[in-house]
Every structure is written in structure tokens, then in C-alpha cells.
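To keep things clear, I will list the structure first and then write my remarks on it.
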Amino acid sequence: MTRLNQLTRGQRVSLWVLGILCGISLFPGLLFAECTTEGGGKNATGAFTLHLSSTCTEAEREARTVPAQELMRALAAGKGIDLSGVVIQGDLVLDELPAQRVAAVQGLSLEDRRVLEGLNDEDVHVIRGPFVIKHSRVKGQIVNRLKRGFVLITGPVVLVHTGFAGLVDLSRTVFLGLVDGSNAKFEQESYFVQDRFTQGAMFSDTRFGTHARFHRSMFSAPAIFRGADFPGLTEFLEVVFEQDANFARAAFHMGTGFSGAHCRAKCDFSSTQFDREAFFLFAIFDRAVTFGSARFNSQADFSDAAFKETDDLAQATFARAPVLTRTARVTPAVPGRSEAGPFSQALTIGLFIAALGILIYVLKAK
């Protein structure tokens with residue numbers, strides 16, 4: 001018999017446990033083999049990076065919660081953030097970042113300088129590089145409380161598949177990169193007031209919260225809200241769309257305002273649903289706009305709106321005749337096609353039965 005066989009059962013168990021403990025001490029990653037981590041600090045691009053794999057459990061993500069204070073320190077140090085699959089605890093207060101004059105901001109391209117023309121007298125709070133929080137959960141708030149000046153984000157902003165439990169207020173923000181909030185979920189208010197989206201904004205299939213505001217924002221590149229869901233009060237008041245804006249299949253469940261909006265390119269509201277009042281007062285449509293298969297389940301008001309090219313309002317469904325007071329339109333077709341109510345449906349069925357009875361009587365008489 002070998003020496004191993006000569007050991008007692010207790011001694012064998014002790015050796016087995018000792019082997020496991022040695023393996024863990026030599027290879028600590030084995031303990032969390034199913035939850036891999038990338039980053040954990042500054043990467044080559046200068047961003048604070050932490051990626052947790054999709055195999056991590058909720059308990060493992062909670063155990064690796066990222067404090068908001070740590071992210072604020074990284075942003076204040078001039079780093080971007082690149083997070084995936086994480087949980088963020090605490091508030092990001094962006095107006096607490098260091099301020100400087102626009103003219104003093106280093107590393108901007110000539111194109112970006114042109115974008116910022118007219119802001120030279122303003123203070124800006126700069127976020128360098130990317131601002132990426134994807135496939136994550138944010139338990140606190142992300143806010144900018146500025147009444148003057150702007151937050152300036154030089155890199156892309158990616159918020160895809162992320163849930164925001166608290167207020168998100170990115171008002172008075174200049175985005176020099178693409179903004180992608182597709183499939184994000186805002187549980188509370190989401191404010192993007194007086195923002196400048198210079199490279200496009202994507203909010204496809206995004207669910208907004210109790211109040212969504214894009215008041216007086218400017219979209220210099222395509223704005224995509226296809227399939228977005230707006231359960232609360234929604235404001236696109238005085239918004240300027242320099243390029244195409246897509247709201248196809250979006251759903252607005254509370255009062256919605258596009259009053260004063262200016263579509264300088266094509267605006268698409270095809271198959272869009274408005275459950276409550278929709279206001280397009282003084283809206284301007286420079287190019288052809290489509291409302292084909294859109295549904296207005298309450299009052300739609302286009303008073304003083306200007307359609308400079310053709311529209312297809314007649315192809316939309318209105319529960320009530322739309323208000324067109326002083327509305328300027330090129331298309332002669334009068335909108336107002338509505339779904340048949342219970343009375344009209346009953347009348348149609350009654351007339352059909354009566355006609356059928358007359359036809360049967362005539363045939364029998366022959």
C-alpha cells in the first residue's frame with residue numbers, strides 16, 4: 001500500500017481542504033471564475049474603466065458596487081469613465097466639476113471650436129473622453145444644477161441598456177460626441193433642457209419616466225426616438241432638428257408638447273401613438289413630414305403650425321377632429337379621419353342587414 005492509502009480518512013480530508021485553500025491563495029480568480037472583471041482603474045485612453053461580465057450574478061455586482069464619489073474623483077482629474085455591467089451607488093453632481101472658460105479648454109479640434117462659438121463668455125465644466133455607463137444600474141442621481149454655463153462632454157455618451165433609479169438632469173450640456181441612450185430605462189424625471197447634440201442622439205426603444213424634457217435643445221445631427229416609450233408628461237418645446245428626426249412607433253401616454261419645434265429636415269411620426277393631448281402649436285416643418293398610421297386618441301392641436309411641404313395628416317387616425325386654426329398647409333386633403341364609434345358601427349351593421357333583407361325579399365318574389 002502507498003503512503004496515501006495508509007493515511008486515515010480524517011488526514012485525507014485535511015489534505016483535500018488544504019489543497020483547495022492553497023489553490024485559492026495562488027489563483028484567487030478561481031473563486032469568482034464565473035464573474036470576470038476587466039479594468040478597475042485608468043486604461044490606455046485615460047478613462048476609469050470597470051467591466052463586469054454578463055455571467056456575474058446580482059449579488060456579485062452588488063459586492064463590487066462603484067461609489068459615485070470615486071467616479072467624481074476620476075472626472076475631476078480629467079478622466080472619462082467606461083463602465084459596463086456595474087452598480088453605481090450615490091449621486092453624480094456634474095456642476096461640482098472644476099469650471100473654466102471655453103477659450104481655455106485645451107485639446108479641442110477646430111470643428112469643436114466652431115461648435116462652441118458664442119459660448120466664450122460662459123464657464124464650462126469639462127468631462128474629458130467617454131462617458132459610458134452601459135448594461136448597468138444607477139441607484140442615485142446624475143444631475144447638473146447650472147443656471148448659467150454648461151457641462152461640456154468631449155467624448156461619446158453611451159447609456160444603453162442601463163436603468164436609472166433617480167433623477168437624470170443633463171440640462172445645459174454640450175455633447176461633442178454621439179449620445180446613445182437606446183434601451184435605457186429612466187424611472188424618474190429625465191431632463192435634457194437647452195442641450196446641444198452635435199453628433200446625433202439615439203434613444204431607440206428607450207423608456208422614459210414620469211417627466212421627459214428636451215425643451216429648447218438643438219439636434220445638429222439625426223435624432224432617433226424610434227419605438228421610445230413616454231409614460232409621463234413629455235416636452236419637446238422649441239426644439240430644433242437640423243437633420244432628420246425619427247419618432248416612428250413611439251408612444252406618448254400623457255400630454256405631449258412639440259409646440260414651437262422646428263423640423264428643418266424630415267420628421268417621421270409614422271405609427272406614433274398619442275394617448276392624451278398633443279400640441280404642435282407654432283411648429284414649423286420645412287420638409288415633408290409624415291404622420292401615416294399615427295393615432296391621436298385625444299385632442300391634437302396644430303394651430304399656427306406651418307407645413308412648407310406636403311404632409312400626410314389625412315392618413316392619421318384622430319379620435320377628435322384636429323385643431324387647424326391658422327395652420328398653413330400645402331397638402332389640400334383635410335385630416336380628421338376617425339375611428340367609427342359604437343353608434344356609427346351599429347348604424348352600418350343595421351343598414352347592411354336591411355339591405356340584405358330587401359335583396360332576399362326581391363329574390364323570393366321572383
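In the C-alpha cells, each chain is lettered A, B, ... as it comes, each chain's residues begin at 1, and ligands are numbered from 1 in order of appearance.
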Problem - Selection: 10 Å around A:Val86, only C-alpha atoms, excl. self and same-chain fewer than 5 positions, as an MDAnalysis selection string - result: chainID A and resid 50:53 56 58 60:66 133:138 162
Which neighbours of A:Ile142 fall inside 10 Å, counting only C-alpha atoms, when residues of the same chain fewer than 2 positions from it are skipped, and could you give them as a compact mmCIF listing (two decimals) with C-alpha atoms, in the first residue's frame?
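Once written, out19.txt looks like this:
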# COMPACT_ATOMS: atom_id res chain seq x y z
CA ALA A 68 -20.22 57.75 -7.13
CA GLY A 90 -24.59 57.65 -4.89
CA ASP A 91 -25.06 60.87 -6.84
CA LEU A 92 -23.02 62.27 -9.70
CA VAL A 93 -23.25 66.06 -9.38
CA LEU A 94 -21.63 67.30 -12.57
CA VAL A 138 -27.52 53.67 -11.30
CA LYS A 139 -29.11 53.90 -7.86
CA GLY A 140 -28.50 57.60 -7.32
CA ASN A 144 -26.37 69.29 -13.47
CA PHE A 164 -31.61 54.94 -13.74
CA GLY A 166 -33.17 58.51 -9.66
CA LEU A 167 -33.43 61.84 -11.40
CA VAL A 168 -31.29 62.31 -14.52
CA ASP A 169 -30.80 66.00 -15.28
CA LEU A 170 -28.29 66.61 -18.07
CA SER A 190 -35.15 62.87 -17.31
Problem - Pairwise distance for atom CA of A:Thr57 and atom CA of A:Cys35, rounded to one decimal in Å - result: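 Rounded to one decimal, the two atoms are 7.6 Å apart.
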Handout entry: Option closest in space to A:Ala77, from A:Arg128, A:Arg216, A:Lys308, A:Arg172 [counting only C-alpha atoms]
Key =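 Closest to A:Ala77 of all the choices is A:Arg128.
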Problem - Test item, strand (DSSP E) assignment across stretch 160-318 of chain A, answer as a ChimeraX atom specification - result: /A:163-164,168-169,173-175,179-180,185-186,190-191,196-197,201-202,211-213,218-219,223-224,229-230,233-235,240-241,245-246,251-252,256-257,262-263,267-268,273-274,278-279,284-285,289-290,295-296,300-301,306-307,317-318
Since we have the selection now, will you write its residues out, keeping C-alpha atoms, as a PDB file, in the first residue's frame?
ATOM      1  CA  GLY A 163     -31.544  51.596 -15.549  1.00  0.00           C
ATOM      2  CA  PHE A 164     -31.615  54.936 -13.740  1.00  0.00           C
ATOM      3  CA  VAL A 168     -31.293  62.315 -14.518  1.00  0.00           C
ATOM      4  CA  ASP A 169     -30.798  66.000 -15.285  1.00  0.00           C
ATOM      5  CA  THR A 173     -24.926  70.099 -21.612  1.00  0.00           C
ATOM      6  CA  VAL A 174     -22.953  70.286 -24.846  1.00  0.00           C
ATOM      7  CA  PHE A 175     -22.298  66.833 -26.282  1.00  0.00           C
ATOM      8  CA  VAL A 179     -25.236  60.271 -27.485  1.00  0.00           C
ATOM      9  CA  ASP A 180     -26.691  56.755 -27.365  1.00  0.00           C
ATOM     10  CA  LYS A 185     -34.837  52.990 -18.656  1.00  0.00           C
ATOM     11  CA  PHE A 186     -35.422  56.222 -16.744  1.00  0.00           C
ATOM     12  CA  SER A 190     -35.145  62.872 -17.313  1.00  0.00           C
ATOM     13  CA  TYR A 191     -34.251  66.421 -18.313  1.00  0.00           C
ATOM     14  CA  ARG A 196     -26.694  70.706 -27.860  1.00  0.00           C
ATOM     15  CA  PHE A 197     -26.450  67.309 -29.527  1.00  0.00           C
ATOM     16  CA  ALA A 201     -28.808  61.362 -30.423  1.00  0.00           C
ATOM     17  CA  MET A 202     -30.155  57.824 -30.301  1.00  0.00           C
ATOM     18  CA  HIS A 211     -41.454  63.602 -16.960  1.00  0.00           C
ATOM     19  CA  ALA A 212     -39.220  63.931 -20.025  1.00  0.00           C
ATOM     20  CA  ARG A 213     -37.997  67.385 -21.100  1.00  0.00           C
ATOM     21  CA  MET A 218     -30.747  71.605 -30.598  1.00  0.00           C
ATOM     22  CA  PHE A 219     -30.046  68.439 -32.563  1.00  0.00           C
ATOM     23  CA  ALA A 223     -32.330  62.384 -33.665  1.00  0.00           C
ATOM     24  CA  ILE A 224     -33.701  58.868 -33.334  1.00  0.00           C
ATOM     25  CA  ASP A 229     -41.968  54.982 -24.702  1.00  0.00           C
ATOM     26  CA  PHE A 230     -43.020  58.147 -22.845  1.00  0.00           C
ATOM     27  CA  LEU A 233     -45.547  64.338 -19.401  1.00  0.00           C
ATOM     28  CA  THR A 234     -43.296  64.967 -22.421  1.00  0.00           C
ATOM     29  CA  GLU A 235     -41.878  68.254 -23.706  1.00  0.00           C
ATOM     30  CA  VAL A 240     -34.644  72.443 -33.364  1.00  0.00           C
ATOM     31  CA  PHE A 241     -33.987  69.376 -35.522  1.00  0.00           C
ATOM     32  CA  ALA A 245     -35.884  63.223 -36.615  1.00  0.00           C
ATOM     33  CA  ASN A 246     -37.460  59.795 -36.254  1.00  0.00           C
ATOM     34  CA  ALA A 251     -45.783  56.017 -27.710  1.00  0.00           C
ATOM     35  CA  PHE A 252     -46.773  59.123 -25.732  1.00  0.00           C
ATOM     36  CA  THR A 256     -47.152  65.892 -25.202  1.00  0.00           C
ATOM     37  CA  GLY A 257     -45.807  69.197 -26.492  1.00  0.00           C
ATOM     38  CA  HIS A 262     -38.636  73.419 -35.904  1.00  0.00           C
ATOM     39  CA  CYS A 263     -38.039  70.445 -38.221  1.00  0.00           C
ATOM     40  CA  CYS A 267     -39.677  64.449 -39.329  1.00  0.00           C
ATOM     41  CA  ASP A 268     -41.225  60.988 -39.116  1.00  0.00           C
ATOM     42  CA  GLN A 273     -49.368  56.822 -30.684  1.00  0.00           C
ATOM     43  CA  PHE A 274     -50.596  59.845 -28.710  1.00  0.00           C
ATOM     44  CA  ALA A 278     -50.731  66.523 -28.387  1.00  0.00           C
ATOM     45  CA  PHE A 279     -49.737  70.113 -29.120  1.00  0.00           C
ATOM     46  CA  ILE A 284     -42.520  74.616 -38.385  1.00  0.00           C
ATOM     47  CA  PHE A 285     -41.916  71.777 -40.841  1.00  0.00           C
ATOM     48  CA  VAL A 289     -43.418  65.285 -42.673  1.00  0.00           C
ATOM     49  CA  THR A 290     -45.219  62.002 -42.234  1.00  0.00           C
ATOM     50  CA  ARG A 295     -53.060  57.524 -33.762  1.00  0.00           C
ATOM     51  CA  PHE A 296     -54.303  60.556 -31.857  1.00  0.00           C
ATOM     52  CA  ALA A 300     -54.422  67.170 -31.459  1.00  0.00           C
ATOM     53  CA  ASP A 301     -53.774  70.881 -31.885  1.00  0.00           C
ATOM     54  CA  ALA A 306     -46.554  75.791 -40.825  1.00  0.00           C
ATOM     55  CA  PHE A 307     -46.170  72.828 -43.209  1.00  0.00           C
ATOM     56  CA  THR A 317     -56.372  58.403 -37.137  1.00  0.00           C
ATOM     57  CA  PHE A 318     -57.985  61.055 -34.940  1.00  0.00           C
TER      58      PHE A 318
END
Completion exercise
The distance between atom CA of A:Ala228 and atom CA of A:Ser270 is 12.9 Å
Practice task
Determine the nearest neighbour of A:Ser217 from the options A:Asp286, A:Leu71, A:Phe192, A:Ser182, counting only C-alpha atoms.
Solution key: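 For A:Ser217, the nearest of the candidates is A:Phe192.
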Handout entry: Which residue of A:Ala333, A:Val102, A:Leu116, A:Val132 approaches A:Phe48 most closely, using only C-alpha atoms
Key =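 For A:Phe48, the nearest of the candidates is A:Val132.
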Fill in the blank from the handout: In terms of only C-alpha atoms, the residue from A:Gly255, A:Gly155, A:Gly260, A:Pro98 at minimal distance from A:Arg276 is A:Gly255
Problem - Nearest candidate to A:Ala314 (options A:Pro335, A:Ile88, A:Ser298, A:Asp244; using only C-alpha atoms) - result: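 Smallest separation from A:Ala314 among the options: A:Pro335.
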Practice task
Would you work out the distance separating atom CA of A:Asp311 from atom CA of A:Phe258, expressed in Å to one decimal?
Solution key: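 Here the two named atoms are 16.3 Å from each other.
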